[in-house]
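*Asks:* So that you have it, the file is data-v9.cif, and it contains mmCIF, C-alpha atoms:
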```cif
data_coords
loop_
_atom_site.label_atom_id
_atom_site.label_comp_id
_atom_site.auth_asym_id
_atom_site.auth_seq_id
_atom_site.Cartn_x
_atom_site.Cartn_y
_atom_site.Cartn_z
CA MET I 1 14.26 -19.79 -9.96
CA LYS I 2 15.73 -22.29 -7.50
CA SER I 3 19.24 -21.13 -8.49
CA MET I 4 18.44 -17.53 -7.57
CA SER I 5 19.59 -16.20 -4.21
CA ALA I 6 16.96 -15.53 -1.55
CA LYS I 7 17.63 -11.80 -1.96
CA ASN I 8 16.92 -11.88 -5.70
CA GLN I 9 13.89 -14.12 -5.17
CA TYR I 10 12.49 -11.59 -2.72
CA ASN I 11 13.09 -8.75 -5.20
CA LEU I 12 11.25 -10.72 -7.88
CA LEU I 13 8.43 -11.51 -5.44
CA TYR I 14 7.76 -7.84 -4.76
CA PHE I 15 7.98 -7.10 -8.48
CA LEU I 16 5.31 -9.71 -9.24
CA PHE I 17 3.19 -8.68 -6.23
CA CYS I 18 2.94 -5.16 -7.63
CA LEU I 19 2.24 -6.43 -11.16
CA VAL I 20 -0.82 -8.33 -9.95
CA GLY I 21 -1.69 -5.46 -7.60
CA CYS I 22 -1.81 -2.89 -10.37
CA CYS I 23 -4.07 -5.13 -12.44
CA ALA I 24 -6.41 -5.75 -9.50
CA THR I 25 -6.45 -2.39 -7.70
CA GLY I 26 -4.66 0.17 -9.86
CA PHE I 27 -7.74 0.92 -11.93
CA ILE I 28 -10.36 0.77 -9.18
CA ALA I 29 -12.39 3.77 -10.32
CA VAL I 30 -12.12 2.85 -14.00
CA PHE I 31 -13.18 -0.77 -13.44
CA LEU I 32 -16.06 -0.04 -11.08
CA GLN I 33 -17.38 2.90 -13.11
CA TYR I 34 -17.45 0.57 -16.12
CA LYS I 35 -19.58 -1.81 -14.03
CA GLY I 36 -22.00 1.03 -13.24
CA VAL I 37 -20.77 1.99 -9.76
CA SER I 38 -20.92 5.68 -8.73
CA ASN I 39 -18.17 7.69 -6.99
CA THR I 40 -19.95 7.43 -3.64
CA GLN I 41 -20.37 3.68 -4.09
CA ILE I 42 -16.69 3.36 -5.06
CA GLY I 43 -15.86 5.08 -1.79
CA VAL I 44 -18.05 2.61 0.07
CA VAL I 45 -16.41 -0.35 -1.69
CA THR I 46 -12.83 0.73 -1.01
CA GLY I 47 -13.65 2.10 2.43
CA THR I 48 -15.31 -1.14 3.47
CA ALA I 49 -12.28 -3.07 2.25
CA CYS I 50 -9.94 -0.86 4.24
CA VAL I 51 -11.98 -1.20 7.43
CA ALA I 52 -12.27 -4.96 6.96
CA SER I 53 -8.49 -5.23 6.54
CA ILE I 54 -8.05 -3.81 10.05
CA PHE I 55 -9.59 -7.04 11.36
CA ILE I 56 -8.71 -9.51 8.61
CA ALA I 57 -5.00 -8.67 8.32
CA PRO I 58 -4.20 -9.52 11.98
CA ALA I 59 -6.46 -12.58 11.79
CA LEU I 60 -4.61 -13.88 8.75
CA SER I 61 -1.24 -13.14 10.34
CA SER I 62 -2.24 -15.07 13.47
CA LEU I 63 -2.97 -18.16 11.38
CA ILE I 64 0.76 -18.53 10.76
CA MET I 65 1.33 -18.96 14.49
CA LYS I 66 -1.76 -21.09 15.13
CA ILE I 67 -1.31 -23.59 12.28
CA GLU I 68 1.97 -25.41 12.77
CA ARG I 69 2.66 -26.32 9.16
CA MET I 70 1.50 -23.05 7.60
CA THR I 71 4.15 -20.60 6.44
CA VAL I 72 3.82 -17.02 5.22
CA ASN I 73 4.38 -18.35 1.69
CA ASP I 74 1.46 -20.76 2.00
CA LEU I 75 -0.89 -18.07 3.24
CA LEU I 76 0.06 -15.75 0.38
CA ILE I 77 -0.72 -18.52 -2.12
CA TYR I 78 -4.21 -19.01 -0.66
CA ILE I 79 -4.82 -15.26 -0.76
CA LEU I 80 -3.67 -14.99 -4.37
CA LEU I 81 -5.91 -17.86 -5.50
CA SER I 82 -8.92 -16.33 -3.73
CA MET I 83 -8.27 -12.98 -5.40
CA ALA I 84 -8.09 -14.62 -8.83
CA VAL I 85 -11.49 -16.29 -8.36
CA LEU I 86 -13.09 -13.06 -7.18
CA PHE I 87 -11.59 -10.86 -9.90
CA CYS I 88 -12.45 -13.17 -12.79
CA GLY I 89 -15.93 -13.81 -11.43
CA MET I 90 -16.97 -10.18 -11.08
CA ALA I 91 -15.40 -9.26 -14.42
CA TRP I 92 -16.79 -11.99 -16.64
CA LEU I 93 -20.03 -13.03 -14.95
CA ASN I 94 -23.20 -10.99 -15.35
CA LEU I 95 -23.57 -10.01 -11.70
CA PRO I 96 -25.73 -7.31 -10.05
CA ALA I 97 -23.87 -4.15 -9.10
CA ILE I 98 -24.23 -4.88 -5.37
CA VAL I 99 -22.56 -8.29 -5.80
CA VAL I 100 -19.72 -6.68 -7.77
CA MET I 101 -19.27 -4.16 -4.96
CA ILE I 102 -19.09 -6.88 -2.31
CA ALA I 103 -16.70 -9.00 -4.36
CA TYR I 104 -14.40 -6.07 -5.08
CA SER I 105 -14.37 -5.07 -1.41
CA LEU I 106 -13.19 -8.56 -0.50
CA LEU I 107 -10.64 -8.59 -3.34
CA TYR I 108 -9.21 -5.24 -2.26
CA CYS I 109 -9.18 -6.28 1.40
CA LEU I 110 -7.20 -9.43 0.60
CA TYR I 111 -4.62 -7.47 -1.38
CA ILE I 112 -4.21 -4.97 1.46
CA SER I 113 -3.81 -7.83 3.94
CA ALA I 114 -1.18 -9.53 1.77
CA GLY I 115 1.14 -6.49 1.85
CA PRO I 116 2.28 -6.90 5.48
CA LEU I 117 2.90 -10.60 4.86
CA ILE I 118 5.34 -9.75 2.06
CA GLN I 119 7.16 -7.51 4.54
CA VAL I 120 7.10 -10.26 7.19
CA ILE I 121 9.08 -12.43 4.76
CA ALA I 122 11.79 -9.74 4.71
CA SER I 123 11.79 -9.64 8.53
CA GLY I 124 12.00 -13.44 8.69
CA TYR I 125 14.92 -13.55 6.29
CA ALA I 126 16.74 -10.82 8.25
CA GLN I 127 16.31 -12.80 11.48
CA ASP I 128 17.76 -15.85 9.74
CA GLY I 129 20.82 -13.88 8.65
CA VAL I 130 19.78 -13.52 5.01
CA GLU I 131 20.44 -10.00 3.73
CA VAL I 132 17.38 -8.54 2.00
CA GLU I 133 17.28 -4.99 0.63
CA PHE I 134 13.65 -4.19 1.33
CA GLY I 135 13.97 -0.69 -0.12
CA LEU I 136 15.31 -2.01 -3.41
CA ALA I 137 12.63 -4.71 -3.55
CA ARG I 138 9.91 -2.16 -2.84
CA GLY I 139 11.39 0.15 -5.46
CA LEU I 140 11.31 -2.62 -8.05
CA GLY I 141 7.68 -3.12 -7.10
CA SER I 142 7.03 0.52 -7.92
CA VAL I 143 8.69 0.03 -11.31
CA ALA I 144 6.45 -2.98 -11.92
CA TRP I 145 3.38 -0.94 -10.99
CA ALA I 146 4.50 1.89 -13.26
CA ILE I 147 5.11 -0.30 -16.30
CA THR I 148 1.84 -2.17 -15.83
CA ALA I 149 -0.08 1.08 -15.45
CA VAL I 150 1.12 2.44 -18.80
CA PHE I 151 0.35 -0.67 -20.82
CA ALA I 152 -2.88 -1.48 -18.94
CA GLY I 153 -4.09 2.07 -19.43
CA LYS I 154 -3.65 1.83 -23.19
CA ILE I 155 -5.20 -1.67 -23.40
CA VAL I 156 -8.19 -0.60 -21.31
CA ASP I 157 -8.64 2.38 -23.65
CA TRP I 158 -8.53 0.08 -26.70
CA ILE I 159 -10.76 -2.67 -25.30
CA ASN I 160 -12.34 -2.29 -21.82
CA PRO I 161 -11.46 -2.81 -18.13
CA LEU I 162 -12.61 -6.44 -18.23
CA VAL I 163 -9.23 -7.46 -19.69
CA LEU I 164 -7.50 -6.63 -16.39
CA PRO I 165 -8.11 -10.10 -14.84
CA VAL I 166 -6.15 -11.63 -17.74
CA GLY I 167 -3.05 -9.74 -16.63
CA PHE I 168 -3.73 -10.62 -13.01
CA VAL I 169 -3.93 -14.34 -13.68
CA SER I 170 -0.91 -14.31 -16.02
CA PHE I 171 1.38 -12.61 -13.52
CA GLY I 172 -0.20 -14.49 -10.62
CA VAL I 173 0.92 -17.85 -12.02
CA PHE I 174 4.57 -16.75 -11.89
CA MET I 175 4.09 -15.45 -8.36
CA LEU I 176 2.61 -18.77 -7.23
CA VAL I 177 5.56 -20.72 -8.62
CA LEU I 178 8.03 -18.35 -6.96
CA LEU I 179 6.32 -18.59 -3.57
CA ARG I 180 6.60 -22.38 -3.68
CA GLN I 181 10.31 -22.28 -4.51
CA MET I 182 11.41 -19.51 -2.14
CA PRO I 183 12.71 -20.38 1.36
CA GLN I 184 9.68 -20.79 3.61
CA THR I 185 9.41 -18.53 6.66
CA LYS I 186 7.28 -18.16 9.80
CA GLY I 187 7.09 -15.34 12.34
CA GLN I 188 8.75 -15.73 15.73
CA LYS I 189 6.72 -16.51 18.83
CA ARG I 190 7.31 -14.59 22.02
CA GLU I 191 10.17 -15.95 24.11
CA ASP I 192 8.92 -14.71 27.49
CA GLY I 193 5.99 -17.12 27.76
CA LYS I 194 3.41 -14.40 27.22
CA LYS I 195 0.82 -14.14 24.50
CA ASP I 196 1.80 -12.96 21.05
CA SER I 197 2.04 -9.21 20.53
CA SER I 198 -1.18 -7.23 20.43
CA ILE I 199 -1.96 -3.80 19.01
CA GLY I 200 -2.13 -2.43 22.56
CA ARG I 201 1.31 -3.80 23.39
CA ILE I 202 2.84 -2.25 20.27
CA ILE I 203 1.31 1.17 21.05
CA LYS I 204 2.46 1.04 24.70
CA THR I 205 5.95 -0.28 23.98
CA TYR I 206 6.70 1.81 20.89
CA PRO I 207 4.84 5.15 21.23
CA VAL I 208 7.08 6.93 18.71
CA TYR I 209 6.39 4.24 16.14
CA PHE I 210 2.64 4.55 16.74
CA LEU I 211 2.73 8.33 16.22
CA ILE I 212 4.65 7.86 12.98
CA LEU I 213 1.95 5.43 11.81
CA LEU I 214 -0.81 7.81 12.91
CA GLY I 215 0.73 10.69 10.94
CA PHE I 216 1.31 8.44 7.96
CA SER I 217 -2.33 7.36 8.18
CA CYS I 218 -3.57 10.95 8.01
CA CYS I 219 -1.31 11.66 5.03
CA MET I 220 -2.63 8.52 3.36
CA ALA I 221 -6.22 9.72 3.81
CA GLY I 222 -5.51 12.81 1.72
CA ASN I 223 -3.32 10.93 -0.73
CA THR I 224 -5.90 8.17 -1.25
CA ALA I 225 -8.72 10.61 -1.93
CA LEU I 226 -6.63 12.16 -4.70
CA GLY I 227 -5.30 8.80 -5.94
CA THR I 228 -8.53 6.80 -6.11
CA TYR I 229 -10.35 9.57 -7.94
CA LEU I 230 -7.36 10.67 -10.01
CA PRO I 231 -9.19 9.59 -13.21
CA ASN I 232 -11.83 12.23 -12.44
CA ILE I 233 -9.16 14.90 -11.88
CA ILE I 234 -7.43 13.95 -15.13
CA ARG I 235 -10.68 14.01 -17.10
CA LYS I 236 -11.39 17.47 -15.70
CA LEU I 237 -8.01 18.62 -17.05
CA GLY I 238 -8.71 17.08 -20.47
CA GLY I 239 -7.03 13.67 -20.14
CA THR I 240 -8.16 10.08 -20.87
CA THR I 241 -7.66 6.61 -19.39
CA SER I 242 -4.31 6.42 -21.22
CA THR I 243 -3.32 9.66 -19.53
CA TYR I 244 -4.30 8.12 -16.21
CA GLY I 245 -2.08 5.12 -16.95
CA LEU I 246 0.81 7.50 -17.70
CA ALA I 247 0.09 9.37 -14.45
CA LEU I 248 0.31 6.10 -12.52
CA PHE I 249 3.61 5.42 -14.29
CA VAL I 250 5.06 8.77 -13.23
CA ASN I 251 3.70 8.32 -9.71
CA ALA I 252 5.16 4.86 -9.22
CA MET I 253 8.39 5.18 -11.19
CA SER I 254 9.44 8.22 -9.17
CA GLU I 255 9.49 6.05 -6.03
CA MET I 256 12.23 3.69 -7.23
CA PRO I 257 15.39 5.82 -6.66
CA VAL I 258 14.28 6.97 -3.20
CA MET I 259 13.20 3.51 -2.05
CA ALA I 260 16.50 2.00 -3.19
CA LYS I 261 18.52 4.56 -1.23
CA ALA I 262 16.34 4.79 1.88
CA SER I 263 18.28 2.13 3.81
CA LYS I 264 21.59 3.97 3.38
CA TRP I 265 20.01 7.29 4.34
CA MET I 266 18.53 5.72 7.47
CA LYS I 267 21.96 4.49 8.57
CA LYS I 268 23.35 8.02 8.17
CA VAL I 269 20.63 10.21 9.70
CA GLY I 270 18.23 7.79 11.40
CA PRO I 271 14.52 7.23 10.64
CA MET I 272 12.93 10.33 12.17
CA PRO I 273 14.45 13.05 9.93
CA LEU I 274 13.36 11.01 6.91
CA CYS I 275 9.84 10.62 8.31
CA VAL I 276 9.60 14.39 8.83
CA LEU I 277 10.81 14.97 5.26
CA GLY I 278 8.23 12.48 3.99
CA GLY I 279 5.38 14.15 5.87
CA CYS I 280 6.28 17.64 4.59
CA ALA I 281 6.74 16.33 1.04
CA TYR I 282 3.26 14.78 1.23
CA PHE I 283 1.74 18.21 1.82
CA VAL I 284 3.70 19.76 -1.06
CA ARG I 285 2.68 16.93 -3.37
CA ASN I 286 -1.01 17.14 -2.57
CA LEU I 287 -1.03 20.93 -2.70
CA ILE I 288 0.38 20.91 -6.23
CA VAL I 289 -2.07 18.20 -7.36
CA CYS I 290 -5.05 20.08 -5.93
CA LEU I 291 -4.08 23.42 -7.48
CA ALA I 292 -2.82 22.04 -10.82
CA PRO I 293 -4.23 24.18 -13.69
CA ASN I 294 -3.19 21.63 -16.34
CA LEU I 295 -1.81 18.12 -16.80
CA TYR I 296 1.82 19.27 -16.88
CA VAL I 297 1.62 20.77 -13.38
CA LEU I 298 -0.32 17.72 -12.19
CA PHE I 299 2.43 15.39 -13.39
CA PHE I 300 5.05 17.59 -11.69
CA GLY I 301 3.17 17.25 -8.41
CA LEU I 302 2.99 13.48 -8.80
CA LEU I 303 6.80 13.34 -8.88
CA PHE I 304 6.78 14.22 -5.17
CA GLN I 305 5.39 10.73 -4.59
CA SER I 306 9.05 9.69 -4.36
CA ILE I 307 9.94 11.58 -1.17
CA SER I 308 6.48 11.33 0.37
CA TYR I 309 4.82 7.92 0.05
CA GLY I 310 7.92 6.23 -1.34
CA LEU I 311 10.19 7.41 1.48
CA LEU I 312 7.73 6.83 4.34
CA THR I 313 6.74 3.36 3.13
CA VAL I 314 10.31 2.07 3.22
CA VAL I 315 11.44 3.90 6.35
CA VAL I 316 8.46 2.64 8.38
CA ALA I 317 9.06 -0.94 7.24
CA TYR I 318 12.75 -0.68 8.16
CA TYR I 319 11.77 0.84 11.50
CA VAL I 320 9.95 -2.38 12.34
CA ILE I 321 12.86 -4.55 11.22
CA TYR I 322 15.52 -2.59 13.12
CA TYR I 323 13.71 -1.15 16.15
CA LEU I 324 11.01 -3.67 17.12
CA ALA I 325 11.78 -6.94 18.93
CA PRO I 326 11.67 -10.08 16.76
CA GLN I 327 8.47 -11.32 18.44
CA ASP I 328 6.77 -7.97 17.71
CA GLN I 329 7.63 -7.92 14.01
CA ILE I 330 4.52 -9.58 12.58
CA MET I 331 2.13 -7.31 14.47
CA GLY I 332 4.38 -4.33 13.79
CA GLN I 333 4.29 -4.94 10.04
CA THR I 334 0.57 -5.72 10.15
CA MET I 335 -0.13 -2.42 11.87
CA ILE I 336 1.42 -0.54 8.97
CA GLY I 337 -1.33 -1.80 6.69
CA MET I 338 -4.01 -1.40 9.37
CA MET I 339 -3.17 2.25 10.09
CA THR I 340 -2.30 3.47 6.59
CA THR I 341 -4.33 1.45 4.13
CA GLY I 342 -6.92 0.38 6.68
CA CYS I 343 -7.78 3.58 8.54
CA GLY I 344 -6.21 6.26 6.32
CA SER I 345 -7.27 4.96 2.95
CA MET I 346 -10.75 4.13 4.25
CA LEU I 347 -11.27 7.75 5.28
CA GLY I 348 -9.92 9.06 1.97
CA ASN I 349 -11.94 6.68 -0.17
CA VAL I 350 -15.28 7.16 1.58
CA LEU I 351 -15.21 10.90 2.17
CA GLY I 352 -13.50 11.57 -1.15
CA GLY I 353 -16.34 9.90 -3.04
CA ILE I 354 -19.10 11.47 -0.97
CA LEU I 355 -17.64 14.99 -1.20
CA GLN I 356 -17.31 14.70 -4.98
CA ASP I 357 -20.87 13.55 -5.52
CA THR I 358 -22.43 16.04 -3.09
CA ILE I 359 -20.28 19.17 -3.44
CA GLY I 360 -17.61 18.62 -6.07
CA LEU I 361 -13.89 18.11 -6.61
CA SER I 362 -12.97 21.33 -4.82
CA ALA I 363 -14.41 20.03 -1.53
CA MET I 364 -12.38 16.85 -1.87
CA PHE I 365 -9.25 18.94 -2.45
CA VAL I 366 -9.81 20.87 0.78
CA PHE I 367 -10.35 17.62 2.68
CA ALA I 368 -7.15 16.10 1.23
CA LEU I 369 -5.04 19.11 2.19
CA ILE I 370 -6.39 19.26 5.75
CA CYS I 371 -5.68 15.54 6.29
CA THR I 372 -2.15 15.87 4.91
CA ALA I 373 -1.37 18.91 7.05
CA VAL I 374 -2.57 17.10 10.18
CA GLY I 375 -0.46 14.06 9.26
CA ALA I 376 2.70 16.13 8.83
CA CYS I 377 2.10 17.77 12.24
CA VAL I 378 1.64 14.38 13.94
CA ILE I 379 4.94 13.14 12.49
CA LEU I 380 6.63 16.27 13.80
CA ARG I 381 5.13 15.43 17.20
CA ALA I 382 6.66 11.95 16.95
CA ARG I 383 10.04 13.58 16.39
CA SER I 384 9.59 15.70 19.53
CA LEU I 385 8.55 12.67 21.59
CA GLU I 386 11.61 10.73 20.44
CA LYS I 387 13.91 13.56 21.59
CA LYS I 388 12.10 13.71 24.92
CA LEU I 389 12.43 9.96 25.49
CA GLN I 390 16.11 10.05 24.56
CA LYS I 391 16.80 12.79 27.12
CA SER I 392 14.97 10.93 29.90
CA ALA I 393 16.69 7.61 29.11
#
```
Here is the file; what I need is its structure written in the form of structure tokens.

*Replies:*
Amino acid sequence: MKSMSAKNQYNLLYFLFCLVGCCATGFIAVFLQYKGVSNTQIGVVTGTACVASIFIAPALSSLIMKIERMTVNDLLIYILLSMAVLFCGMAWLNLPAIVVMIAYSLLYCLYISAGPLIQVIASGYAQDGVEVEFGLARGLGSVAWAITAVFAGKIVDWINPLVLPVGFVSFGVFMLVLLRQMPQTKGQKREDGKKDSSIGRIIKTYPVYFLILLGFSCCMAGNTALGTYLPNIIRKLGGTTSTYGLALFVNAMSEMPVMAKASKWMKKVGPMPLCVLGGCAYFVRNLIVCLAPNLYVLFFGLLFQSISYGLLTVVVAYYVIYYLAPQDQIMGQTMIGMMTTGCGSMLGNVLGGILQDTIGLSAMFVFALICTAVGACVILRARSLEKKLQKSA
């Protein structure tokens, strides 16, 4: 792997990151239900992890600046090792349900917090003059997630969800080796003598960016509610765990073409039109999923993942790289995870589980559609604000 270019190493890193991620978090409901956790408790587990990531992700990112010899690569290695211990422990040890819930919350939180660090590596390489196609790398990650989902779904059906840590550890070893051999990178400190960027500074300096994140967060709330409890939706329509694995494959694989082309589209039309398209596509996707009368229509709706989540994920990451100052990049990337996975996914996970257990799937569908509609409107507001700022400039 030392002979590989930094660009190809980064592509492989994202591929492996999503392989381990699918094993650890792709079958959340399946794994926890097998361990005796209810839908409401699953919502508490994932919601707690998302809330915790709002605080832990920035804290972890700040360690890179505070510890002189620590690089982003080093921090990712520590996170990966911690996840392996947690995942294997809760899977293979006879632990009480409450302990499993706490361990999984921490596992999920660490994975969420690692995502922005992977993106910081891309920002660091770009600042050093190394060309990295983040969209392509992220698209390859979606392919990795898709492939893993299909095979893991079948294996879990044949055996049980406790085999998932085996895949995590196997792929994790390759990721550890790659992280050691890749060029090491650190974020940039501020050059004006002031403290490192804060959330407040990012919001004040880049209001359009914050509104995009806020809209994306609302869309993620609806999307997460449907995604986390997708096994329940599929079972209602007559599917199995293997069907769920195939659904994850369709969901993730559809992202690849859009993610790979997003950079070129941004250069032609700019980020805002693509963000608006992504927000509207989110509503169409979730509407089809909620109203699907059978698995065929459900799978058709999942294809819209490409121009909703897939498009927004890449465009927002590129927005940070191209539009935020170098010293604001780490916090800018960290805020993506905080707002979307932290706040948005927390809301979707918690309320999605509670609504199912107390009222039923239909109530969760209504909640998901309302959140998505609000998110699309907020992104449209960001577009209006951008035009207003451009006129006054």

*Asks:* Please compute the atom CA of Ile54 of chain I-atom CA of Thr224 of chain I distance, one decimal, in Å.

*Replies:*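 One can read the atom CA of Ile54 of chain I to atom CA of Thr224 of chain I distance as 16.6 Å.
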
*Asks:* What is the distance, in Å and to one decimal place, between atom CA of Val20 of chain I and atom CA of Phe168 of chain I?

*Replies:*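 Distance between the two atoms: 4.8 Å.
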
*Asks:* Around the point (9.5, 19.0, 9.1), in the coordinates given by the file, pick out the residues reaching within 10 Å, counting only C-alpha atoms, and return them as a PyMOL selection string.

*Replies:* chain I and resi 272-281+376-377+379-381+383

*Asks:* Mind giving me the straight-line distance from atom CA of Gly135 of chain I to atom CA of Lys261 of chain I in Å, one decimal?

*Replies:*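 Between these atoms lies a distance of 7.0 Å.
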
*Asks:* Considering all atoms listed in the file, return as a PDB file with C-alpha atoms, in the frame of the given file whatever protein or nucleic-acid residues lie within 10 Å of Ile121 of chain I, sequence-local ones (same chain, fewer than 6 positions apart) excluded.

*Replies:*
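File written: around.pdb
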```pdb
ATOM      1  CA  TYR I  10      12.490 -11.590  -2.720  1.00  0.00           C
ATOM      2  CA  THR I  71       4.150 -20.600   6.440  1.00  0.00           C
ATOM      3  CA  VAL I  72       3.820 -17.020   5.220  1.00  0.00           C
ATOM      4  CA  ASN I  73       4.380 -18.350   1.690  1.00  0.00           C
ATOM      5  CA  GLN I 127      16.310 -12.800  11.480  1.00  0.00           C
ATOM      6  CA  VAL I 132      17.380  -8.540   2.000  1.00  0.00           C
ATOM      7  CA  PRO I 183      12.710 -20.380   1.360  1.00  0.00           C
ATOM      8  CA  GLN I 184       9.680 -20.790   3.610  1.00  0.00           C
ATOM      9  CA  THR I 185       9.410 -18.530   6.660  1.00  0.00           C
ATOM     10  CA  LYS I 186       7.280 -18.160   9.800  1.00  0.00           C
ATOM     11  CA  GLY I 187       7.090 -15.340  12.340  1.00  0.00           C
ATOM     12  CA  ILE I 330       4.520  -9.580  12.580  1.00  0.00           C
TER      13      ILE I 330
END
```

*Asks:* Produce the centre coordinates and the three edge lengths, each in Å to one decimal, of the box along x, y and z that contains all listed atoms of segment 311-316 of chain I with 4 Å added on each side, as AutoDock Vina command-line options.

*Replies:*
```
--center_x 9.1 --center_y 4.7 --center_z 4.9 --size_x 12.7 --size_y 13.3 --size_z 14.9
```

*Asks:* Between I:Met331, I:Ile64, I:Val37, I:Ile233, single out the one closest to Tyr104 of chain I, counting only C-alpha atoms.

*Replies:*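 Checking each of I:Met331, I:Ile64, I:Val37, I:Ile233 against Tyr104 of chain I, counting only C-alpha atoms, the winner is I:Val37.
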
*Asks:* Which of these, I:Met339, I:Ile42, I:Val143, I:Leu75, has the shortest distance to Ser61 of chain I once you count all atoms listed in the file?

*Replies:* I:Leu75

*Asks:* For the file shown, what are the residues hit by the PyMOL selection byres ((chain I and resi 355-369) around 9), laid out as JSON, numbers by chain?

*Replies:* {"I": [38, 39, 40, 219, 221, 222, 223, 224, 225, 226, 232, 233, 283, 286, 287, 289, 290, 291, 348, 350, 351, 352, 353, 354, 370, 371, 372, 373, 374]}

*Asks:* Name the closest residue to Gly342 of chain I among the candidates I:Tyr229, I:Phe216, I:Tyr323, I:Phe304; distances are taken between atoms, counting only C-alpha atoms.

*Replies:*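 Of I:Tyr229, I:Phe216, I:Tyr323, I:Phe304, the one nearest Gly342 of chain I, counting only C-alpha atoms, is I:Phe216.
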
*Asks:* At a cut-off of 12 Å, using only C-alpha atoms, what residues contact Phe300 of chain I? Leave out same-chain residues fewer than 2 positions from it and give the result as a list in words.

*Replies:* Ala247, Val250, Asn251, Ser254, Val284, Arg285, Asn286, Leu287, Ile288, Val289, Cys290, Leu291, Ala292, Pro293, Asn294, Leu295, Tyr296, Val297, Leu298, Leu302, Leu303, Phe304, Gln305 and Ser306 of chain I

*Asks:* If you apply the PyMOL selection byres ((chain I and resi 23) around 10) to this file, what residues do you get, as a list in words?

*Replies:*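 With the shown file as input, the PyMOL selection byres ((chain I and resi 23) around 10) matches Cys18, Leu19, Val20, Gly21, Cys22, Ala24, Thr25, Gly26, Phe27, Ile28, Phe87, Trp145, Thr148, Ala149, Ala152, Pro161, Val163, Leu164, Pro165, Val166, Gly167, Phe168, Val169 and Phe171 of chain I.
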